[in-house]
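Enquirer: Below you'll find the structure I mean.
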Amino acid sequence: MTEDLSRIVSDIGPKVRTLRKQAGLSLQQFAERSHVSAAAIHKIEQSGMVPTITTLLKVASALGRPVAYFVEEAEATSDPTVFTRNGDQRPIYTSHAGIDLSGISGAYGRFFLAGARAIVEPGASSGTRPLEHPGEELIYVLDGQLEFVVNEQVYRLKPCDSLHFRTVQTHSWRNPGKARATALWMALRPQ
């Protein structure tokens, strides 16, 4: 294993532990939220186990971060400016099926705000369990429709509608339509 790869792998555990503690979650609470055993989470946090991609997807989703946050190399430059040309957007991996996210912002490690172009297939959703994590989200629908439930209040977004909410509230999303929905999806995560 190269030195850079070894450093990236060894940084996964501390990142998970820091974010879990910032969210105020015990190992058991986080295990229930992520569907990963408390023992496995403990081993990951102590760098005693390298998570599989499936486990990392579950952990990342439960912490409200893309997988890339845990495996990105630190960029050599300290310039806090990122320009992304059309077609150069990086994919953002998520455990939710039916949603394609293309990054339009800089890496999470360097910025508080992350943005993506989201293409959401008909019927795709965040799942049966409501989401809840630190931060904020802002969604602006370009095409199609999306439905969000925030604290049991239903919001139906059509083109040019937006929704901005604190993500410490229970929330979920889905595409109730028969066509793909396209949206700009912004997320603010506390560091």
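Labels for the structure tokens follow display order: chains A, B, ..., residues from 1 in each chain, ligands from 1.
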At a cut-off of 7 Å, using only C-alpha atoms, what residues contact stretch 92-106 of chain A? Leave out same-chain residues fewer than 5 positions from it and give the result as a short mmCIF file (atom, residue, chain, number, x, y, z; two decimals) with N, CA and C atoms, in the first residue's frame.

Expert:
data_model
loop_
_atom_site.label_atom_id
_atom_site.label_comp_id
_atom_site.auth_asym_id
_atom_site.auth_seq_id
_atom_site.Cartn_x
_atom_site.Cartn_y
_atom_site.Cartn_z
N LEU A 57 -20.78 3.18 2.74
CA LEU A 57 -21.99 3.86 2.21
C LEU A 57 -23.02 4.05 3.33
N LYS A 58 -23.23 3.03 4.14
CA LYS A 58 -24.20 3.13 5.24
C LYS A 58 -23.75 4.17 6.27
N SER A 61 -23.99 7.74 4.76
CA SER A 61 -25.38 8.18 4.67
C SER A 61 -25.92 8.58 6.04
N PRO A 66 -21.04 12.48 1.82
CA PRO A 66 -20.78 11.56 0.70
C PRO A 66 -19.58 10.67 1.05
N VAL A 67 -19.51 9.51 0.45
CA VAL A 67 -18.38 8.60 0.69
C VAL A 67 -17.06 9.31 0.40
N VAL A 82 -12.78 26.76 -6.22
CA VAL A 82 -12.92 25.59 -7.10
C VAL A 82 -13.82 25.99 -8.27
N THR A 84 -15.66 24.46 -11.60
CA THR A 84 -16.06 23.19 -12.20
C THR A 84 -16.69 23.47 -13.55
N PHE A 111 -14.73 22.88 2.44
CA PHE A 111 -15.85 23.82 2.42
C PHE A 111 -16.97 23.34 3.33
N ALA A 114 -21.88 22.15 0.29
CA ALA A 114 -21.71 21.22 -0.83
C ALA A 114 -22.94 21.31 -1.71
N GLY A 115 -22.73 21.23 -3.02
CA GLY A 115 -23.84 21.31 -3.95
C GLY A 115 -23.75 20.24 -5.00
N ALA A 116 -24.91 19.82 -5.48
CA ALA A 116 -24.96 18.80 -6.51
C ALA A 116 -26.15 19.05 -7.43
N ARG A 117 -25.99 18.60 -8.67
CA ARG A 117 -27.14 18.49 -9.57
C ARG A 117 -27.69 17.10 -9.31
N ALA A 118 -28.96 17.04 -8.94
CA ALA A 118 -29.58 15.75 -8.63
C ALA A 118 -30.57 15.38 -9.72
N ILE A 119 -30.43 14.17 -10.23
CA ILE A 119 -31.41 13.61 -11.16
C ILE A 119 -32.07 12.46 -10.42
N VAL A 120 -33.37 12.61 -10.18
CA VAL A 120 -34.11 11.66 -9.34
C VAL A 120 -35.12 10.91 -10.20
N GLU A 121 -34.98 9.61 -10.25
CA GLU A 121 -35.86 8.76 -11.06
C GLU A 121 -37.26 8.70 -10.44
N ALA A 124 -38.15 7.05 -6.88
CA ALA A 124 -36.99 7.01 -5.99
C ALA A 124 -37.31 7.78 -4.72
N SER A 126 -35.87 8.51 -0.27
CA SER A 126 -34.83 8.41 0.74
C SER A 126 -35.01 7.17 1.61
#

Enquirer: Show me, as a list in words, the residues that have an atom within 6 Å of stretch 133-138 of chain A when counting only C-alpha atoms, minus same-chain residues fewer than 3 positions from it.

Expert: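 Once the adjacent positions are removed, what remains is Leu163, His164, Phe165, Arg166, Thr167, Val168, Trp185, Met186, Ala187, Leu188, Arg189 and Pro190 of chain A.
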
Enquirer: Okay, now the selection with N, CA and C atoms, as an mmCIF file, in the first residue's frame?

Expert:
data_model
loop_
_atom_site.group_PDB
_atom_site.id
_atom_site.type_symbol
_atom_site.label_atom_id
_atom_site.label_comp_id
_atom_site.auth_asym_id
_atom_site.auth_seq_id
_atom_site.Cartn_x
_atom_site.Cartn_y
_atom_site.Cartn_z
ATOM 1 N N LEU A 163 -36.955 24.662 -1.392
ATOM 2 C CA LEU A 163 -37.199 24.315 0.004
ATOM 3 C C LEU A 163 -35.874 24.403 0.732
ATOM 4 N N HIS A 164 -35.862 25.107 1.856
ATOM 5 C CA HIS A 164 -34.665 25.279 2.672
ATOM 6 C C HIS A 164 -35.048 24.898 4.100
ATOM 7 N N PHE A 165 -34.292 23.963 4.709
ATOM 8 C CA PHE A 165 -34.657 23.516 6.054
ATOM 9 C C PHE A 165 -33.436 23.051 6.828
ATOM 10 N N ARG A 166 -33.566 23.098 8.146
ATOM 11 C CA ARG A 166 -32.544 22.558 9.041
ATOM 12 C C ARG A 166 -32.734 21.050 9.090
ATOM 13 N N THR A 167 -31.663 20.314 8.907
ATOM 14 C CA THR A 167 -31.754 18.862 8.791
ATOM 15 C C THR A 167 -31.758 18.143 10.137
ATOM 16 N N VAL A 168 -31.748 18.875 11.245
ATOM 17 C CA VAL A 168 -31.929 18.237 12.552
ATOM 18 C C VAL A 168 -33.393 17.834 12.731
ATOM 19 N N TRP A 185 -29.204 20.727 -5.442
ATOM 20 C CA TRP A 185 -29.347 20.284 -4.065
ATOM 21 C C TRP A 185 -28.131 20.743 -3.299
ATOM 22 N N MET A 186 -28.326 21.654 -2.372
ATOM 23 C CA MET A 186 -27.233 22.220 -1.587
ATOM 24 C C MET A 186 -27.325 21.701 -0.161
ATOM 25 N N ALA A 187 -26.173 21.411 0.435
ATOM 26 C CA ALA A 187 -26.137 20.933 1.816
ATOM 27 C C ALA A 187 -25.060 21.676 2.584
ATOM 28 N N LEU A 188 -25.397 22.133 3.743
ATOM 29 C CA LEU A 188 -24.459 22.793 4.652
ATOM 30 C C LEU A 188 -24.265 21.863 5.829
ATOM 31 N N ARG A 189 -23.026 21.470 6.045
ATOM 32 C CA ARG A 189 -22.713 20.553 7.152
ATOM 33 C C ARG A 189 -21.764 21.246 8.109
ATOM 34 N N PRO A 190 -22.053 21.185 9.405
ATOM 35 C CA PRO A 190 -21.112 21.750 10.362
ATOM 36 C C PRO A 190 -19.819 20.943 10.362
#

Enquirer: When you draw a straight line from atom CA of A:Thr182 to atom CA of A:Lys158, how long is it in Å?

Expert: 10.1 Å

Enquirer: Using only C-alpha atoms, which residues sit within 8 Å of A:Ser172 once same-chain residues fewer than 6 positions away are excluded, as a tab-separated table (two decimals) with N, CA and C atoms, in the first residue's frame?

Expert:
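The resulting file, result-v7.tsv, is reproduced below:
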chain	number	residue	atom	x	y	z
A	125	SER	N	-36.72	7.32	-3.61
A	125	SER	CA	-36.98	7.99	-2.33
A	125	SER	C	-35.79	7.82	-1.39
A	126	SER	N	-35.87	8.51	-0.27
A	126	SER	CA	-34.83	8.41	0.74
A	126	SER	C	-35.01	7.17	1.61
A	127	GLY	N	-36.07	6.41	1.38
A	127	GLY	CA	-36.28	5.17	2.13
A	127	GLY	C	-37.42	5.29	3.12
A	129	ARG	N	-37.22	5.05	6.49
A	129	ARG	CA	-36.88	5.72	7.75
A	129	ARG	C	-36.56	7.18	7.51
A	130	PRO	N	-37.15	8.08	8.29
A	130	PRO	CA	-36.83	9.51	8.12
A	130	PRO	C	-35.36	9.78	8.43
A	131	LEU	N	-34.81	10.77	7.74
A	131	LEU	CA	-33.43	11.19	7.95
A	131	LEU	C	-33.40	12.27	9.03
A	148	PHE	N	-41.09	16.48	-0.35
A	148	PHE	CA	-40.34	16.39	0.89
A	148	PHE	C	-41.32	16.37	2.05
A	149	VAL	N	-40.98	15.63	3.08
A	149	VAL	CA	-41.72	15.66	4.33
A	149	VAL	C	-40.72	16.11	5.38
A	150	VAL	N	-40.97	17.26	6.00
A	150	VAL	CA	-40.11	17.80	7.04
A	150	VAL	C	-40.96	17.98	8.29

Enquirer: Taking the DSSP secondary structure from the backbone, can you list the residues of stretch 2-191 of chain A that are strand (DSSP E), as JSON, numbers by chain?

Expert: {"A": [91, 92, 99, 100, 101, 102, 103, 113, 114, 115, 116, 117, 118, 119, 120, 136, 137, 138, 139, 140, 141, 142, 143, 146, 147, 148, 149, 150, 153, 154, 155, 156, 157, 162, 163, 164, 165, 166, 171, 172, 173, 174, 181, 182, 183, 184, 185, 186, 187, 188]}

Enquirer: Write the residues you've just listed into a file as a short mmCIF file (atom, residue, chain, number, x, y, z; two decimals), in the first residue's frame, and include N, CA and C atoms for each of them.

Expert:
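The resulting out06.cif:
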data_model
loop_
_atom_site.label_atom_id
_atom_site.label_comp_id
_atom_site.auth_asym_id
_atom_site.auth_seq_id
_atom_site.Cartn_x
_atom_site.Cartn_y
_atom_site.Cartn_z
N PRO A 91 -18.92 12.52 -9.64
CA PRO A 91 -20.08 11.81 -9.10
C PRO A 91 -20.02 11.80 -7.57
N ILE A 92 -21.17 11.91 -6.95
CA ILE A 92 -21.27 11.80 -5.50
C ILE A 92 -22.03 10.52 -5.23
N ILE A 99 -31.17 7.91 -7.57
CA ILE A 99 -30.75 9.31 -7.57
C ILE A 99 -29.31 9.38 -8.04
N ASP A 100 -29.06 10.26 -8.99
CA ASP A 100 -27.73 10.46 -9.54
C ASP A 100 -27.29 11.87 -9.14
N LEU A 101 -26.21 11.95 -8.37
CA LEU A 101 -25.71 13.24 -7.89
C LEU A 101 -24.39 13.58 -8.57
N SER A 102 -24.31 14.77 -9.12
CA SER A 102 -23.08 15.27 -9.75
C SER A 102 -22.63 16.52 -9.00
N GLY A 103 -21.45 16.45 -8.40
CA GLY A 103 -20.95 17.55 -7.58
C GLY A 103 -20.71 18.82 -8.37
N LEU A 113 -20.18 24.20 2.59
CA LEU A 113 -21.32 24.04 1.69
C LEU A 113 -20.97 23.06 0.57
N ALA A 114 -21.88 22.15 0.29
CA ALA A 114 -21.71 21.22 -0.83
C ALA A 114 -22.94 21.31 -1.71
N GLY A 115 -22.73 21.23 -3.02
CA GLY A 115 -23.84 21.31 -3.95
C GLY A 115 -23.75 20.24 -5.00
N ALA A 116 -24.91 19.82 -5.48
CA ALA A 116 -24.96 18.80 -6.51
C ALA A 116 -26.15 19.05 -7.43
N ARG A 117 -25.99 18.60 -8.67
CA ARG A 117 -27.14 18.49 -9.57
C ARG A 117 -27.69 17.10 -9.31
N ALA A 118 -28.96 17.04 -8.94
CA ALA A 118 -29.58 15.75 -8.63
C ALA A 118 -30.57 15.38 -9.72
N ILE A 119 -30.43 14.17 -10.23
CA ILE A 119 -31.41 13.61 -11.16
C ILE A 119 -32.07 12.46 -10.42
N VAL A 120 -33.37 12.61 -10.18
CA VAL A 120 -34.11 11.66 -9.34
C VAL A 120 -35.12 10.91 -10.20
N GLU A 136 -28.02 21.93 7.13
CA GLU A 136 -29.14 22.53 6.39
C GLU A 136 -29.12 21.99 4.97
N GLU A 137 -30.27 21.99 4.32
CA GLU A 137 -30.36 21.65 2.91
C GLU A 137 -31.23 22.67 2.20
N LEU A 138 -30.86 22.95 0.95
CA LEU A 138 -31.62 23.86 0.09
C LEU A 138 -31.77 23.16 -1.25
N ILE A 139 -33.01 22.96 -1.66
CA ILE A 139 -33.30 22.27 -2.91
C ILE A 139 -34.06 23.22 -3.82
N TYR A 140 -33.62 23.30 -5.08
CA TYR A 140 -34.28 24.13 -6.09
C TYR A 140 -34.59 23.22 -7.27
N VAL A 141 -35.86 23.02 -7.56
CA VAL A 141 -36.28 22.09 -8.62
C VAL A 141 -36.21 22.78 -9.98
N LEU A 142 -35.53 22.12 -10.91
CA LEU A 142 -35.40 22.62 -12.28
C LEU A 142 -36.45 22.00 -13.19
N ASP A 143 -36.65 20.68 -13.10
CA ASP A 143 -37.61 19.94 -13.91
C ASP A 143 -38.28 18.88 -13.06
N LEU A 146 -40.61 16.99 -6.90
CA LEU A 146 -40.11 16.27 -5.74
C LEU A 146 -41.04 16.55 -4.57
N GLU A 147 -41.13 15.57 -3.70
CA GLU A 147 -41.94 15.75 -2.50
C GLU A 147 -41.03 15.54 -1.29
N PHE A 148 -41.09 16.48 -0.35
CA PHE A 148 -40.34 16.39 0.89
C PHE A 148 -41.32 16.37 2.05
N VAL A 149 -40.98 15.63 3.08
CA VAL A 149 -41.72 15.66 4.33
C VAL A 149 -40.72 16.11 5.38
N VAL A 150 -40.97 17.26 6.00
CA VAL A 150 -40.11 17.80 7.04
C VAL A 150 -40.96 17.98 8.29
N GLN A 153 -44.66 17.66 7.85
CA GLN A 153 -45.30 18.61 6.92
C GLN A 153 -44.87 18.24 5.50
N VAL A 154 -45.83 18.10 4.59
CA VAL A 154 -45.55 17.70 3.20
C VAL A 154 -45.35 18.94 2.33
N TYR A 155 -44.27 18.93 1.54
CA TYR A 155 -43.98 20.02 0.59
C TYR A 155 -43.83 19.40 -0.79
N ARG A 156 -44.63 19.86 -1.75
CA ARG A 156 -44.55 19.37 -3.13
C ARG A 156 -43.89 20.45 -3.97
N LEU A 157 -42.71 20.15 -4.49
CA LEU A 157 -41.93 21.12 -5.24
C LEU A 157 -42.04 20.84 -6.73
N SER A 162 -38.51 26.05 -4.33
CA SER A 162 -37.35 25.69 -3.52
C SER A 162 -37.79 25.38 -2.10
N LEU A 163 -36.96 24.66 -1.39
CA LEU A 163 -37.20 24.32 0.00
C LEU A 163 -35.87 24.40 0.73
N HIS A 164 -35.86 25.11 1.86
CA HIS A 164 -34.67 25.28 2.67
C HIS A 164 -35.05 24.90 4.10
N PHE A 165 -34.29 23.96 4.71
CA PHE A 165 -34.66 23.52 6.05
C PHE A 165 -33.44 23.05 6.83
N ARG A 166 -33.57 23.10 8.15
CA ARG A 166 -32.54 22.56 9.04
C ARG A 166 -32.73 21.05 9.09
N HIS A 171 -36.80 14.28 8.23
CA HIS A 171 -37.15 14.61 6.85
C HIS A 171 -36.97 13.41 5.93
N SER A 172 -37.67 13.48 4.82
CA SER A 172 -37.55 12.44 3.79
C SER A 172 -37.89 13.10 2.46
N TRP A 173 -37.55 12.40 1.36
CA TRP A 173 -37.84 12.93 0.03
C TRP A 173 -38.23 11.78 -0.89
N ARG A 174 -38.93 12.13 -1.97
CA ARG A 174 -39.26 11.14 -3.00
C ARG A 174 -39.67 11.87 -4.27
N ALA A 181 -36.90 13.92 -12.14
CA ALA A 181 -36.85 15.27 -11.60
C ALA A 181 -35.39 15.69 -11.57
N THR A 182 -35.13 16.96 -11.88
CA THR A 182 -33.78 17.50 -11.80
C THR A 182 -33.81 18.68 -10.84
N ALA A 183 -32.84 18.70 -9.94
CA ALA A 183 -32.80 19.77 -8.94
C ALA A 183 -31.36 20.14 -8.61
N LEU A 184 -31.18 21.36 -8.14
CA LEU A 184 -29.93 21.76 -7.51
C LEU A 184 -30.12 21.49 -6.03
N TRP A 185 -29.20 20.73 -5.44
CA TRP A 185 -29.35 20.28 -4.07
C TRP A 185 -28.13 20.74 -3.30
N MET A 186 -28.33 21.65 -2.37
CA MET A 186 -27.23 22.22 -1.59
C MET A 186 -27.33 21.70 -0.16
N ALA A 187 -26.17 21.41 0.44
CA ALA A 187 -26.14 20.93 1.82
C ALA A 187 -25.06 21.68 2.58
N LEU A 188 -25.40 22.13 3.74
CA LEU A 188 -24.46 22.79 4.65
C LEU A 188 -24.26 21.86 5.83
#

Enquirer: Would you give me, as a short mmCIF file (atom, residue, chain, number, x, y, z; two decimals) with N, CA and C atoms, in the first residue's frame, the residues in stretch 31-176 of chain A that DSSP reads as alpha helix (DSSP H)?

Expert:
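This is the output file states.cif:
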data_model
loop_
_atom_site.label_atom_id
_atom_site.label_comp_id
_atom_site.auth_asym_id
_atom_site.auth_seq_id
_atom_site.Cartn_x
_atom_site.Cartn_y
_atom_site.Cartn_z
N ALA A 31 -25.17 2.92 15.59
CA ALA A 31 -25.35 1.59 15.00
C ALA A 31 -26.79 1.42 14.49
N GLU A 32 -27.76 1.88 15.29
CA GLU A 32 -29.16 1.78 14.88
C GLU A 32 -29.44 2.66 13.67
N ARG A 33 -28.86 3.85 13.65
CA ARG A 33 -29.10 4.78 12.55
C ARG A 33 -28.46 4.28 11.25
N SER A 34 -27.27 3.69 11.35
CA SER A 34 -26.51 3.30 10.15
C SER A 34 -26.75 1.87 9.70
N ALA A 38 -22.47 -1.95 16.38
CA ALA A 38 -21.66 -1.06 17.23
C ALA A 38 -20.22 -1.56 17.29
N ALA A 39 -20.03 -2.88 17.30
CA ALA A 39 -18.68 -3.43 17.35
C ALA A 39 -17.89 -3.06 16.09
N ALA A 40 -18.54 -3.16 14.94
CA ALA A 40 -17.87 -2.80 13.68
C ALA A 40 -17.53 -1.31 13.65
N ILE A 41 -18.46 -0.48 14.10
CA ILE A 41 -18.21 0.96 14.13
C ILE A 41 -17.02 1.27 15.03
N HIS A 42 -16.98 0.63 16.20
CA HIS A 42 -15.87 0.84 17.13
C HIS A 42 -14.54 0.46 16.47
N LYS A 43 -14.51 -0.68 15.78
CA LYS A 43 -13.28 -1.12 15.10
C LYS A 43 -12.87 -0.14 14.01
N ILE A 44 -13.86 0.35 13.25
CA ILE A 44 -13.56 1.33 12.19
C ILE A 44 -12.99 2.59 12.81
N GLU A 45 -13.63 3.09 13.87
CA GLU A 45 -13.19 4.34 14.51
C GLU A 45 -11.78 4.22 15.09
N ILE A 53 -17.07 -1.16 1.07
CA ILE A 53 -17.74 -0.03 0.43
C ILE A 53 -19.20 0.03 0.87
N THR A 54 -19.85 -1.13 1.05
CA THR A 54 -21.24 -1.15 1.51
C THR A 54 -21.36 -0.55 2.90
N THR A 55 -20.45 -0.94 3.80
CA THR A 55 -20.46 -0.40 5.16
C THR A 55 -20.17 1.09 5.14
N LEU A 56 -19.21 1.51 4.33
CA LEU A 56 -18.88 2.93 4.25
C LEU A 56 -20.05 3.74 3.69
N LEU A 57 -20.78 3.18 2.74
CA LEU A 57 -21.99 3.86 2.21
C LEU A 57 -23.02 4.05 3.33
N LYS A 58 -23.23 3.03 4.14
CA LYS A 58 -24.20 3.13 5.24
C LYS A 58 -23.75 4.17 6.27
N VAL A 59 -22.47 4.13 6.62
CA VAL A 59 -21.92 5.07 7.61
C VAL A 59 -22.01 6.50 7.07
N ALA A 60 -21.60 6.69 5.83
CA ALA A 60 -21.62 8.02 5.23
C ALA A 60 -23.04 8.58 5.17
N SER A 61 -23.99 7.74 4.76
CA SER A 61 -25.38 8.18 4.67
C SER A 61 -25.92 8.58 6.04
N ALA A 62 -25.61 7.79 7.05
CA ALA A 62 -26.09 8.08 8.41
C ALA A 62 -25.47 9.36 8.97
N LEU A 63 -24.30 9.72 8.47
CA LEU A 63 -23.64 10.95 8.92
C LEU A 63 -23.92 12.13 8.00
N VAL A 67 -19.51 9.51 0.45
CA VAL A 67 -18.38 8.60 0.69
C VAL A 67 -17.06 9.31 0.40
N ALA A 68 -17.06 10.18 -0.61
CA ALA A 68 -15.84 10.89 -0.99
C ALA A 68 -15.23 11.65 0.19
N TYR A 69 -16.05 12.13 1.12
CA TYR A 69 -15.54 12.86 2.28
C TYR A 69 -14.54 12.01 3.05
N PHE A 70 -14.79 10.71 3.13
CA PHE A 70 -13.95 9.82 3.94
C PHE A 70 -12.70 9.34 3.22
N VAL A 71 -12.68 9.43 1.88
CA VAL A 71 -11.55 8.87 1.13
C VAL A 71 -10.82 9.88 0.26
#

Enquirer: Please indicate the distance in Å from atom CA of A:Val9 to atom CA of A:Met49, rounded to one decimal place.

Expert: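 Value for the atom CA of A:Val9-atom CA of A:Met49 distance: 9.6 Å.
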